[in-house]
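Data file: work-v4.csv. Format and content: CSV, C-alpha atoms.
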```csv
chain,number,residue,atom,x,y,z
A,685,MET,CA,45.9,-12.3,-8.1
A,686,PHE,CA,43.1,-9.8,-9.1
A,687,ASP,CA,39.9,-10.9,-10.8
A,688,CYS,CA,39.4,-7.3,-11.9
A,689,ASP,CA,40.7,-3.7,-11.4
A,690,VAL,CA,37.4,-2.3,-10.0
A,691,LEU,CA,34.6,-4.1,-8.2
A,692,VAL,CA,31.3,-2.2,-8.4
A,693,ILE,CA,28.6,-3.2,-6.0
A,694,GLY,CA,25.1,-2.4,-7.4
A,695,GLY,CA,23.6,-2.9,-10.9
A,696,GLY,CA,21.3,0.1,-10.8
A,697,ILE,CA,21.8,3.0,-13.2
A,698,VAL,CA,24.5,4.7,-11.1
A,699,GLY,CA,26.6,1.5,-10.8
A,700,LEU,CA,26.3,0.8,-14.5
A,701,SER,CA,27.0,4.4,-15.5
A,702,THR,CA,30.2,4.1,-13.4
A,703,ALA,CA,31.3,1.0,-15.2
A,704,TYR,CA,30.5,2.7,-18.5
A,705,ALA,CA,32.5,5.8,-17.5
A,706,LEU,CA,35.5,3.8,-16.4
A,707,GLN,CA,35.8,2.1,-19.7
A,708,ARG,CA,35.5,5.3,-21.6
A,709,ALA,CA,38.0,7.2,-19.4
A,710,ALA,CA,40.5,4.3,-19.2
A,711,PRO,CA,40.0,1.7,-21.9
A,712,GLY,CA,41.1,-1.7,-20.8
A,713,THR,CA,40.2,-1.2,-17.1
A,714,ARG,CA,38.7,-4.5,-15.9
A,715,VAL,CA,35.4,-3.9,-14.2
A,716,ALA,CA,33.1,-6.3,-12.5
A,717,VAL,CA,29.6,-5.3,-11.4
A,718,LEU,CA,28.0,-7.3,-8.6
A,719,GLU,CA,24.2,-7.2,-8.5
A,720,LYS,CA,22.1,-9.3,-6.1
A,721,GLU,CA,19.1,-9.4,-8.3
A,722,ASP,CA,18.7,-11.5,-11.4
A,723,GLY,CA,18.8,-8.5,-13.7
A,724,PRO,CA,19.7,-4.8,-13.7
A,725,ALA,CA,17.8,-1.8,-12.3
A,726,ARG,CA,15.2,-3.7,-10.2
A,727,HIS,CA,14.8,-1.1,-7.5
A,728,GLN,CA,15.1,2.7,-7.5
A,729,THR,CA,16.1,2.9,-11.2
A,730,GLY,CA,13.2,0.7,-12.4
A,731,ARG,CA,10.6,1.9,-10.0
A,732,ASN,CA,10.5,5.7,-10.6
A,733,SER,CA,8.3,7.8,-12.9
A,734,GLY,CA,10.8,7.8,-15.8
A,735,VAL,CA,11.3,11.6,-15.8
A,736,ILE,CA,14.3,13.3,-17.3
A,737,HIS,CA,14.6,16.1,-14.8
A,738,SER,CA,15.6,19.6,-15.9
A,739,GLY,CA,17.4,20.6,-12.7
A,740,LEU,CA,14.9,23.3,-11.8
A,741,TYR,CA,14.6,22.7,-8.1
A,742,TYR,CA,18.2,22.3,-7.0
A,743,ARG,CA,20.4,24.8,-5.2
A,744,PRO,CA,22.7,26.6,-7.7
A,745,GLY,CA,26.2,25.3,-7.4
A,746,SER,CA,25.1,22.0,-5.9
A,747,LEU,CA,26.1,18.7,-7.4
A,748,LYS,CA,22.4,18.0,-8.0
A,749,ALA,CA,22.0,21.2,-10.0
A,750,ARG,CA,25.2,20.8,-12.0
A,751,PHE,CA,24.7,17.1,-12.7
A,752,ALA,CA,21.0,17.4,-13.5
A,753,VAL,CA,21.4,20.1,-16.1
A,754,GLU,CA,24.4,18.3,-17.7
A,755,GLY,CA,22.7,14.9,-17.3
A,756,ALA,CA,19.4,15.9,-18.9
A,757,ALA,CA,21.1,17.0,-22.1
A,758,GLU,CA,23.4,13.9,-22.1
A,759,MET,CA,20.6,11.5,-21.4
A,760,VAL,CA,18.6,12.8,-24.4
A,761,LYS,CA,21.8,12.5,-26.6
A,762,PHE,CA,22.6,9.0,-25.2
A,763,CYS,CA,19.0,7.8,-25.9
A,764,ALA,CA,19.1,9.2,-29.5
A,765,GLU,CA,22.5,7.5,-30.2
A,766,TRP,CA,21.3,4.1,-28.9
A,767,ASP,CA,17.8,4.3,-30.2
A,768,ILE,CA,16.2,4.2,-26.8
A,769,PRO,CA,12.6,5.6,-26.8
A,770,HIS,CA,12.4,9.0,-25.1
A,771,GLN,CA,10.7,12.3,-25.5
A,772,VAL,CA,11.4,15.9,-24.4
A,773,THR,CA,7.9,16.9,-23.3
A,774,GLY,CA,8.4,19.9,-21.0
A,775,LYS,CA,6.4,20.1,-17.8
A,776,LEU,CA,4.2,22.5,-15.8
A,777,VAL,CA,4.6,23.4,-12.2
A,778,VAL,CA,1.3,24.7,-11.1
A,779,ALA,CA,0.4,26.9,-8.1
A,780,THR,CA,-3.2,26.2,-6.9
A,781,GLU,CA,-3.2,28.4,-3.8
A,782,ARG,CA,-2.1,32.0,-3.2
A,783,GLU,CA,0.5,31.1,-0.6
A,784,GLU,CA,2.3,29.0,-3.2
A,785,LEU,CA,2.9,32.0,-5.5
A,786,PRO,CA,6.0,33.3,-3.8
A,787,ARG,CA,7.5,29.8,-4.0
A,788,LEU,CA,6.6,29.5,-7.6
A,789,HIS,CA,8.4,32.9,-8.4
A,790,ALA,CA,11.4,31.6,-6.4
A,791,LEU,CA,11.5,28.6,-8.7
A,792,VAL,CA,11.6,30.9,-11.7
A,793,GLN,CA,14.6,32.6,-10.3
A,794,ARG,CA,16.3,29.4,-9.4
A,795,GLY,CA,15.7,27.9,-12.8
A,796,ARG,CA,17.2,30.9,-14.5
A,797,GLU,CA,20.2,30.7,-12.1
A,798,ASN,CA,20.7,27.1,-13.2
A,799,GLY,CA,20.5,28.0,-16.9
A,800,ILE,CA,17.1,26.4,-17.5
A,801,PRO,CA,14.5,28.0,-19.8
A,802,VAL,CA,11.4,28.8,-17.8
A,803,ARG,CA,8.2,30.5,-19.0
A,804,GLU,CA,5.7,32.0,-16.6
A,805,LEU,CA,2.0,31.3,-17.3
A,806,GLY,CA,-1.4,32.7,-16.2
A,807,PRO,CA,-4.5,30.6,-15.8
A,808,SER,CA,-5.6,30.7,-19.4
A,809,GLN,CA,-2.2,29.8,-20.6
A,810,ILE,CA,-2.2,26.7,-18.3
A,811,THR,CA,-5.2,25.3,-20.2
A,812,GLU,CA,-3.4,25.8,-23.5
A,813,TYR,CA,-0.9,23.2,-22.4
A,814,GLU,CA,-3.3,21.1,-20.2
A,815,PRO,CA,-7.0,21.7,-20.8
A,816,ARG,CA,-8.2,19.9,-17.7
A,817,VAL,CA,-5.6,21.3,-15.3
A,818,ARG,CA,-6.5,24.3,-13.1
A,819,GLY,CA,-4.3,26.8,-11.3
A,820,LEU,CA,-3.6,30.4,-10.3
A,821,ALA,CA,-0.3,30.5,-12.1
A,822,ALA,CA,2.3,28.1,-13.5
A,823,ILE,CA,5.7,27.8,-15.1
A,824,HIS,CA,6.6,25.8,-18.1
A,825,VAL,CA,10.0,24.1,-18.1
A,826,GLY,CA,10.9,23.1,-21.7
A,827,THR,CA,13.8,20.7,-21.1
A,828,THR,CA,12.0,18.1,-19.0
A,829,GLY,CA,11.5,14.7,-20.7
A,830,ILE,CA,10.5,11.1,-20.2
A,831,VAL,CA,12.3,7.8,-20.8
A,832,ASP,CA,12.4,4.1,-19.7
A,833,TYR,CA,15.4,4.0,-17.3
A,834,GLN,CA,15.4,0.2,-17.2
A,835,ALA,CA,16.1,0.3,-21.0
A,836,VAL,CA,18.9,2.9,-20.4
A,837,ALA,CA,20.4,0.7,-17.7
A,838,ARG,CA,20.4,-2.4,-20.0
A,839,ARG,CA,22.1,-0.4,-22.7
A,840,LEU,CA,24.7,0.9,-20.3
A,841,ALA,CA,25.4,-2.7,-19.1
A,842,GLU,CA,26.0,-3.8,-22.7
A,843,ALA,CA,28.1,-0.7,-23.7
A,844,SER,CA,30.3,-0.8,-20.5
A,845,GLY,CA,32.2,-3.9,-21.5
A,846,ALA,CA,32.1,-4.8,-17.8
A,847,GLU,CA,31.5,-8.3,-16.4
A,848,ILE,CA,28.0,-8.2,-14.9
A,849,LEU,CA,27.4,-10.8,-12.3
A,850,TYR,CA,23.7,-11.2,-11.3
A,851,GLY,CA,22.6,-13.1,-8.3
A,852,ALA,CA,25.8,-11.9,-6.5
A,853,GLU,CA,24.7,-10.5,-3.2
A,854,VAL,CA,27.8,-9.3,-1.2
A,855,THR,CA,27.9,-10.7,2.3
A,856,ALA,CA,31.5,-9.9,3.4
A,857,ILE,CA,34.2,-7.5,2.4
A,858,ASP,CA,37.9,-7.8,3.3
A,859,ARG,CA,40.1,-4.8,2.7
A,860,ARG,CA,43.8,-5.5,2.5
A,861,PRO,CA,46.9,-3.4,1.6
A,862,TRP,CA,46.9,-4.9,-1.9
A,863,GLY,CA,43.2,-4.3,-2.6
A,864,VAL,CA,39.7,-5.6,-1.7
A,865,ALA,CA,38.1,-9.0,-1.7
A,866,VAL,CA,34.4,-9.7,-1.5
A,867,ARG,CA,32.4,-12.8,-0.7
A,868,THR,CA,29.0,-13.3,-2.2
A,869,ALA,CA,26.0,-15.2,-0.8
A,870,ASP,CA,26.9,-18.2,-2.9
A,871,GLN,CA,30.4,-18.2,-1.5
A,872,ARG,CA,32.2,-16.8,-4.6
A,873,ILE,CA,35.3,-14.7,-3.8
A,874,LEU,CA,36.3,-11.8,-6.1
A,875,ARG,CA,39.4,-9.6,-5.7
A,876,GLY,CA,39.9,-6.1,-7.1
A,877,LYS,CA,42.1,-3.2,-6.5
A,878,VAL,CA,39.3,-0.7,-5.7
A,879,LEU,CA,35.7,-1.2,-4.5
A,880,VAL,CA,32.9,1.2,-5.6
A,881,ASN,CA,29.8,1.1,-3.5
A,882,CYS,CA,26.7,1.9,-5.6
A,883,ALA,CA,24.3,-0.3,-3.5
A,884,GLY,CA,21.5,2.3,-3.2
A,885,LEU,CA,19.1,1.1,-0.6
A,886,HIS,CA,21.9,-0.9,1.0
A,887,CYS,CA,24.8,1.5,0.6
A,888,ASP,CA,25.3,2.3,4.3
A,889,ARG,CA,25.4,-1.5,5.1
A,890,ILE,CA,28.0,-2.1,2.4
A,891,ALA,CA,30.1,0.8,3.7
A,892,ARG,CA,30.1,-0.7,7.2
A,893,LEU,CA,31.0,-4.1,5.7
A,894,ALA,CA,34.0,-2.5,4.2
A,895,GLY,CA,35.1,-1.1,7.5
A,896,ASP,CA,34.1,2.6,6.8
A,897,ASP,CA,31.8,4.7,8.9
A,898,PRO,CA,29.3,6.2,6.5
A,899,GLY,CA,28.1,8.8,9.1
A,900,MET,CA,24.6,8.4,7.9
A,901,ARG,CA,21.8,5.8,7.6
A,902,ILE,CA,19.5,5.0,4.8
A,903,VAL,CA,15.9,5.6,6.0
A,904,PRO,CA,13.6,4.1,3.3
A,905,PHE,CA,10.5,6.0,2.2
A,906,ARG,CA,7.9,4.3,0.0
A,907,GLY,CA,6.4,6.3,-2.9
A,908,GLU,CA,3.0,4.9,-3.8
A,909,TYR,CA,1.5,5.5,-7.2
A,910,TYR,CA,-1.8,5.2,-9.0
A,911,GLU,CA,-2.3,5.5,-12.7
A,912,LEU,CA,-5.1,7.2,-14.6
A,913,ALA,CA,-7.7,4.8,-16.1
A,914,ASP,CA,-8.1,7.4,-18.9
A,915,PRO,CA,-4.6,8.7,-19.8
A,916,SER,CA,-6.1,11.3,-22.2
A,917,LEU,CA,-6.9,13.5,-19.2
A,918,VAL,CA,-3.3,14.6,-19.1
A,919,ARG,CA,-1.1,15.5,-22.1
A,920,GLY,CA,2.3,15.6,-20.4
A,921,LEU,CA,3.8,16.3,-16.9
A,922,VAL,CA,2.1,18.4,-14.3
A,923,TYR,CA,3.7,19.1,-10.8
A,924,PRO,CA,2.6,21.0,-7.7
A,925,VAL,CA,4.8,23.7,-6.2
A,926,PRO,CA,7.0,21.7,-3.8
A,927,ASP,CA,7.6,22.6,-0.2
A,928,PRO,CA,11.3,23.4,0.1
A,929,ALA,CA,11.4,22.0,3.7
A,930,PHE,CA,11.1,18.4,2.2
A,931,PRO,CA,13.1,16.5,-0.4
A,932,PHE,CA,9.8,15.3,-2.0
A,933,LEU,CA,8.0,16.9,-4.9
A,934,GLY,CA,4.4,16.0,-3.9
A,935,VAL,CA,1.8,14.2,-5.9
A,936,HIS,CA,2.2,14.9,-9.6
A,937,LEU,CA,1.0,13.6,-12.9
A,938,THR,CA,3.5,12.0,-15.2
A,939,ARG,CA,2.9,10.7,-18.7
A,940,GLY,CA,5.2,7.7,-19.3
A,941,ILE,CA,7.0,6.7,-22.5
A,942,ASP,CA,4.4,3.9,-22.8
A,943,GLY,CA,1.5,6.4,-22.8
A,944,SER,CA,0.3,5.6,-19.3
A,945,VAL,CA,-0.1,8.4,-16.7
A,946,HIS,CA,1.3,7.9,-13.3
A,947,VAL,CA,-0.2,9.8,-10.4
A,948,GLY,CA,1.9,10.2,-7.2
A,949,PRO,CA,3.9,9.5,-5.3
A,950,ASN,CA,3.2,10.1,-1.7
A,951,ALA,CA,6.0,9.4,0.8
A,952,VAL,CA,5.6,7.1,3.7
A,953,PRO,CA,8.1,5.2,5.9
A,954,ALA,CA,8.8,1.8,4.5
A,955,LEU,CA,9.0,-1.1,6.9
A,956,ALA,CA,11.8,-2.7,4.9
A,957,ARG,CA,14.4,-1.3,2.5
A,958,GLU,CA,12.6,-3.1,-0.3
A,959,GLY,CA,9.2,-2.7,1.3
A,960,TYR,CA,7.0,-2.0,-1.6
A,961,ASP,CA,3.8,-2.4,0.4
A,962,TRP,CA,2.7,-2.4,4.0
A,963,GLY,CA,2.8,-6.2,4.1
A,964,VAL,CA,6.6,-6.3,3.6
A,965,VAL,CA,8.2,-6.0,7.1
A,966,ARG,CA,11.9,-6.9,7.8
A,967,PRO,CA,12.4,-6.6,11.6
A,968,GLY,CA,16.2,-6.3,11.4
A,969,GLU,CA,16.0,-3.5,8.9
A,970,LEU,CA,13.1,-1.7,10.7
A,971,GLY,CA,15.0,-2.1,14.0
A,972,GLY,CA,18.1,-0.4,12.4
A,973,THR,CA,15.9,2.5,11.2
A,974,LEU,CA,14.4,2.9,14.6
A,975,ALA,CA,17.7,2.7,16.4
A,976,TRP,CA,19.1,5.6,14.4
A,977,PRO,CA,18.7,8.9,16.3
A,978,GLY,CA,18.0,10.8,13.1
A,979,SER,CA,14.9,8.8,12.4
A,980,TRP,CA,13.3,10.1,15.7
A,981,THR,CA,14.3,13.6,15.0
A,982,ILE,CA,12.6,13.5,11.6
A,983,ALA,CA,9.5,12.2,13.2
A,984,ARG,CA,9.4,15.0,15.8
A,985,ARG,CA,10.1,17.7,13.2
A,986,HIS,CA,7.8,16.6,10.4
A,987,TRP,CA,5.0,14.6,12.1
A,988,ARG,CA,2.2,16.8,10.6
A,989,TYR,CA,3.6,16.3,7.1
A,990,GLY,CA,4.0,12.6,7.8
A,991,ALA,CA,0.5,12.3,9.1
A,992,GLY,CA,-0.9,13.7,5.8
A,993,GLU,CA,1.2,11.3,3.8
A,994,LEU,CA,0.0,8.3,5.9
A,995,ARG,CA,-3.6,9.5,5.4
A,996,ARG,CA,-3.1,9.5,1.7
A,997,SER,CA,-1.5,6.0,1.8
A,998,LEU,CA,-4.4,4.5,3.8
A,999,SER,CA,-7.3,6.4,2.1
A,1000,LYS,CA,-7.8,6.5,-1.6
A,1001,ARG,CA,-10.3,9.3,-1.1
A,1002,ALA,CA,-7.6,11.4,0.6
A,1003,PHE,CA,-5.2,10.6,-2.2
A,1004,THR,CA,-7.8,11.6,-4.8
A,1005,GLU,CA,-8.4,14.9,-3.0
A,1006,SER,CA,-4.7,15.8,-3.4
A,1007,VAL,CA,-4.9,15.0,-7.1
A,1008,ARG,CA,-8.0,17.1,-7.6
A,1009,ARG,CA,-6.0,20.2,-6.6
A,1010,LEU,CA,-4.4,20.0,-10.0
A,1011,LEU,CA,-6.9,18.0,-11.9
A,1012,PRO,CA,-10.4,18.8,-10.6
A,1013,GLY,CA,-12.3,16.4,-12.8
A,1014,VAL,CA,-10.7,13.3,-11.3
A,1015,ASP,CA,-12.6,11.0,-8.9
A,1016,GLU,CA,-11.7,7.8,-7.2
A,1017,SER,CA,-12.8,5.5,-10.0
A,1018,ASP,CA,-10.3,7.3,-12.3
A,1019,LEU,CA,-7.4,6.0,-10.3
A,1020,ARG,CA,-6.0,2.5,-10.2
A,1021,PRO,CA,-3.1,1.3,-8.1
A,1022,THR,CA,0.2,0.5,-9.8
A,1023,ALA,CA,3.8,-0.4,-8.7
A,1024,ALA,CA,5.4,1.5,-5.8
A,1025,GLY,CA,9.0,2.5,-5.4
A,1026,VAL,CA,11.2,3.0,-2.3
A,1027,ARG,CA,13.6,6.0,-2.0
A,1028,ALA,CA,16.9,5.5,-0.3
A,1029,GLN,CA,17.0,8.7,1.8
A,1030,ALA,CA,20.3,9.3,3.6
A,1031,VAL,CA,19.7,10.8,7.1
A,1032,LEU,CA,22.5,12.1,9.4
A,1033,ARG,CA,22.6,11.4,13.1
A,1034,ASP,CA,21.1,14.8,13.9
A,1035,GLY,CA,18.1,14.2,11.6
A,1036,THR,CA,19.3,16.1,8.6
A,1037,LEU,CA,17.8,14.8,5.4
A,1038,VAL,CA,20.8,14.8,3.1
A,1039,ASP,CA,19.7,16.9,0.1
A,1040,ASP,CA,22.7,16.7,-2.3
A,1041,PHE,CA,24.5,13.7,-3.8
A,1042,LEU,CA,26.9,12.3,-1.2
A,1043,ILE,CA,30.1,10.5,-2.3
A,1044,ARG,CA,32.8,9.6,0.2
A,1045,GLU,CA,36.2,7.9,-0.3
A,1046,GLY,CA,38.0,5.5,2.0
A,1047,VAL,CA,41.1,3.4,1.6
A,1048,ARG,CA,40.6,1.7,-1.8
A,1049,THR,CA,36.9,2.4,-1.6
A,1050,VAL,CA,34.4,4.9,-3.1
A,1051,HIS,CA,31.0,5.0,-1.5
A,1052,VAL,CA,27.9,6.6,-3.1
A,1053,LEU,CA,25.9,7.3,0.0
A,1054,ASN,CA,23.0,9.5,-1.3
A,1055,ALA,CA,21.8,9.4,-4.9
A,1056,PRO,CA,18.1,10.1,-4.9
A,1057,SER,CA,16.2,11.8,-7.7
A,1058,PRO,CA,17.5,13.2,-10.1
A,1059,ALA,CA,20.2,10.4,-10.0
A,1060,ALA,CA,18.8,8.6,-13.0
A,1061,THR,CA,18.7,11.8,-15.0
A,1062,ALA,CA,22.2,12.7,-13.8
A,1063,SER,CA,23.6,9.2,-14.0
A,1064,LEU,CA,26.1,9.9,-16.9
A,1065,PRO,CA,27.9,12.8,-15.2
A,1066,ILE,CA,27.6,11.1,-11.8
A,1067,GLY,CA,29.3,8.0,-13.3
A,1068,ARG,CA,32.1,10.2,-14.6
A,1069,GLU,CA,32.6,11.7,-11.2
A,1070,ILE,CA,32.8,8.4,-9.5
A,1071,ALA,CA,35.0,7.0,-12.2
A,1072,HIS,CA,37.4,9.9,-11.8
A,1073,ARG,CA,37.7,9.3,-8.1
A,1074,THR,CA,38.1,5.6,-8.6
A,1075,LEU,CA,40.9,5.9,-11.1
A,1076,ARG,CA,42.9,8.1,-8.7
A,1077,LEU,CA,42.9,5.1,-6.3
A,1078,LEU,CA,44.2,2.5,-8.8
```
Before we go any further, please render this structure as structure tokens.
Amino acid sequence: MFDCDVLVIGGGIVGLSTAYALQRAAPGTRVAVLEKEDGPARHQTGRNSGVIHSGLYYRPGSLKARFAVEGAAEMVKFCAEWDIPHQVTGKLVVATEREELPRLHALVQRGRENGIPVRELGPSQITEYEPRVRGLAAIHVGTTGIVDYQAVARRLAEASGAEILYGAEVTAIDRRPWGVAVRTADQRILRGKVLVNCAGLHCDRIARLAGDDPGMRIVPFRGEYYELADPSLVRGLVYPVPDPAFPFLGVHLTRGIDGSVHVGPNAVPALAREGYDWGVVRPGELGGTLAWPGSWTIARRHWRYGAGELRRSLSKRAFTESVRRLLPGVDESDLRPTAAGVRAQAVLRDGTLVDDFLIREGVRTVHVLNAPSPAATASLPIGREIAHRTLRLL
């Protein structure tokens, strides 16, 4: 009667980590992963800056803080075991204006509360790490690293033992007393005992298809990147001091595992859930975003911040100005466009930007409704948490 025990929707790093964790926790569990693309990790997982985050920024005691700290160490271990290229580089968080200094000191305290080694630096010490970076003060975080998360996702898919079905977009879900059946766009029917929703940019839609009210909507934000024409300008990872009012870290400099240096991202509203440039518009998805009351609340609360992000999106000169705060020697000719990403930001009806991971359970369903950065870093412990909740439902 059942094609599998667990149906996982979504072949990004969280869905694949869940499949991997299910097999390790309960060997013999039959898992099928349904992914609408023709390969794994084609969206958030494969379009980020490849950072293994330390857990510095997150509220002590939150799932983000706990899973990021655990996940960073586990990700390094996993990559070493499976021979996946990675590097523990450390990173700098640099204050360039006096009003940022109290926030920088608060980060030091938060890092220590989360058990993260943090070293405070003065201006001359900054240049020891990054000769071309300028700032009033900085902190060095030693546990930050870099990796190719698409390579991690491919290895998780292989190691999970799950049946991975690509080109399997879920269009209907039928929940019955005995389990859950799904229909895909090519009219395949698959039946399982429990459904796990790891659909990322489409997780709220999948929850509604299953008959569950997610109580939130995904509002997509596009992060636009450049890369340095001369990657030797930056040795490692350099971040500004973030504004705690927003879930975005600001324009930063990130050396990738391939040696390139990404610059960005900014954060602008995307006109489609997979809207990787201004030319991609899906009226139905855009209409859903505009119909959600929380979207308008965000616009009213944060219009000044949003206006600055839009300016940087539409003007390379404005983007370059933001980079020059950290790297004064950069000019427009040093930056060349590269692939953008879209963040699946969960927003509540009242306009609250959900900050922590959000996992909710229904009848024979587990929904992952908010898994932004550092989800890739924390994917192994997140997968275990989801697997634990799933096995209770079998």
Which residues of stretch 771-850 of chain A sit at most 9 Å from stretch 729-733 of chain A, using only C-alpha atoms? Give each one's shortest atom pair and distance in Å (one decimal place), in chain and ascending residue order, as a Markdown table.
```
| residue | atom | partner | partner_atom | distance |
| --- | --- | --- | --- | --- |
| A:Ile830 | CA | A:Ser733 | CA | 8.3 |
| A:Val831 | CA | A:Ser733 | CA | 8.9 |
| A:Asp832 | CA | A:Gly730 | CA | 8.1 |
| A:Tyr833 | CA | A:Thr729 | CA | 6.2 |
| A:Gln834 | CA | A:Gly730 | CA | 5.3 |
| A:Ala837 | CA | A:Thr729 | CA | 8.1 |
```
Q: Please provide the set of residues having any atom within 9 Å of A:Arg787, restricted to all atoms listed in the file, with same-chain residues fewer than 3 positions apart removed, written as a list in words.
A: Ala779, Glu783, Glu784, Ala790, Leu791, Val792, Val925, Pro926, Asp927 and Pro928 of chain A
Q | Two-atom distance - atom CA of A:Pro1021, atom CA of A:His936 (Å) | A | 14.7 Å
Find the residues of stretch 970-1068 of chain A that sit at most 12 Å from stretch 947-950 of chain A; for each, write down the nearest two atoms and how far apart they are in Å, to one decimal. Count all atoms listed in the file. Sort by chain, then by number going up, and give it as JSON lines.
```
{"residue": "A:Tyr989", "atom": "CA", "partner": "A:Asn950", "partner_atom": "CA", "distance": 10.8}
{"residue": "A:Gly990", "atom": "CA", "partner": "A:Asn950", "partner_atom": "CA", "distance": 9.9}
{"residue": "A:Ala991", "atom": "CA", "partner": "A:Asn950", "partner_atom": "CA", "distance": 11.3}
{"residue": "A:Gly992", "atom": "CA", "partner": "A:Asn950", "partner_atom": "CA", "distance": 9.3}
{"residue": "A:Glu993", "atom": "CA", "partner": "A:Asn950", "partner_atom": "CA", "distance": 6.0}
{"residue": "A:Leu994", "atom": "CA", "partner": "A:Asn950", "partner_atom": "CA", "distance": 8.4}
{"residue": "A:Arg995", "atom": "CA", "partner": "A:Asn950", "partner_atom": "CA", "distance": 9.8}
{"residue": "A:Arg996", "atom": "CA", "partner": "A:Asn950", "partner_atom": "CA", "distance": 7.2}
{"residue": "A:Ser997", "atom": "CA", "partner": "A:Asn950", "partner_atom": "CA", "distance": 7.2}
{"residue": "A:Leu998", "atom": "CA", "partner": "A:Asn950", "partner_atom": "CA", "distance": 10.9}
{"residue": "A:Ser999", "atom": "CA", "partner": "A:Asn950", "partner_atom": "CA", "distance": 11.8}
{"residue": "A:Lys1000", "atom": "CA", "partner": "A:Asn950", "partner_atom": "CA", "distance": 11.6}
{"residue": "A:Ala1002", "atom": "CA", "partner": "A:Asn950", "partner_atom": "CA", "distance": 11.1}
{"residue": "A:Phe1003", "atom": "CA", "partner": "A:Asn950", "partner_atom": "CA", "distance": 8.4}
{"residue": "A:Thr1004", "atom": "CA", "partner": "A:Val947", "partner_atom": "CA", "distance": 9.6}
{"residue": "A:Ser1006", "atom": "CA", "partner": "A:Gly948", "partner_atom": "CA", "distance": 9.5}
{"residue": "A:Val1007", "atom": "CA", "partner": "A:Val947", "partner_atom": "CA", "distance": 7.7}
{"residue": "A:Arg1008", "atom": "CA", "partner": "A:Val947", "partner_atom": "CA", "distance": 11.0}
{"residue": "A:Leu1010", "atom": "CA", "partner": "A:Val947", "partner_atom": "CA", "distance": 11.0}
{"residue": "A:Leu1011", "atom": "CA", "partner": "A:Val947", "partner_atom": "CA", "distance": 10.7}
{"residue": "A:Val1014", "atom": "CA", "partner": "A:Val947", "partner_atom": "CA", "distance": 11.1}
{"residue": "A:Asp1018", "atom": "CA", "partner": "A:Val947", "partner_atom": "CA", "distance": 10.6}
{"residue": "A:Leu1019", "atom": "CA", "partner": "A:Val947", "partner_atom": "CA", "distance": 8.1}
{"residue": "A:Arg1020", "atom": "CA", "partner": "A:Val947", "partner_atom": "CA", "distance": 9.3}
{"residue": "A:Pro1021", "atom": "CA", "partner": "A:Val947", "partner_atom": "CA", "distance": 9.3}
{"residue": "A:Thr1022", "atom": "CA", "partner": "A:Val947", "partner_atom": "CA", "distance": 9.3}
{"residue": "A:Ala1023", "atom": "CA", "partner": "A:Pro949", "partner_atom": "CA", "distance": 10.5}
{"residue": "A:Ala1024", "atom": "CA", "partner": "A:Pro949", "partner_atom": "CA", "distance": 8.2}
{"residue": "A:Gly1025", "atom": "CA", "partner": "A:Pro949", "partner_atom": "CA", "distance": 8.7}
{"residue": "A:Val1026", "atom": "CA", "partner": "A:Pro949", "partner_atom": "CA", "distance": 10.2}
{"residue": "A:Arg1027", "atom": "CA", "partner": "A:Pro949", "partner_atom": "CA", "distance": 10.8}
```
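Proximity to A:Pro953 was assessed for A:Gly695, A:Pro915, A:Gly940, A:Pro904 counting all atoms listed in the file; the smallest distance is recorded for A:Pro904.
Picture a line from atom CA of A:Val935 to atom CA of A:Arg1033; it runs 28.3 Å.
Take the candidates A:Val753, A:Val952, A:Leu691, A:Ala764 and check each one against A:Ile873 using all atoms listed in the file; the shortest distance goes to A:Leu691.
Residues with any atom within 10 Å of A:Val866, counting only C-alpha atoms and excluding same-chain neighbours fewer than 5 positions away, are Leu691, Ile693, Leu718, Glu853, Val854, Thr855, Ala856, Ile857, Asp858, Arg859, Gln871, Arg872, Ile873, Leu874, Arg875, Gly876, Leu879, Leu893 and Ala894 of chain A.
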**Q.** Nearest to A:Ala725 by atom-to-atom distance, counting all atoms listed in the file, from A:Gly826, A:Gly884, A:Gly774, A:Pro744
**A.**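 Going through A:Gly826, A:Gly884, A:Gly774, A:Pro744 one by one, the smallest distance to A:Ala725 is for A:Gly884.
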Q: Grab the atom CA of A:Gly829 to atom CA of A:Ile736 distance for me, in Å with one decimal place.
A: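 Answer for the atom CA of A:Gly829 to atom CA of A:Ile736 separation: 4.6 Å.
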Q | Long-range neighbours of A:Asp1040 as number ranges by chain, 8 Å cut-off, all atoms listed in the file, 2 positions minimum in chain | A | A: 746-748, 1038, 1042, 1054-1055
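With distances restricted to only C-alpha atoms, A:Pro1056 is the closest residue to A:Asp1039 from A:Pro1056, A:Arg818, A:Arg726, A:Leu840.
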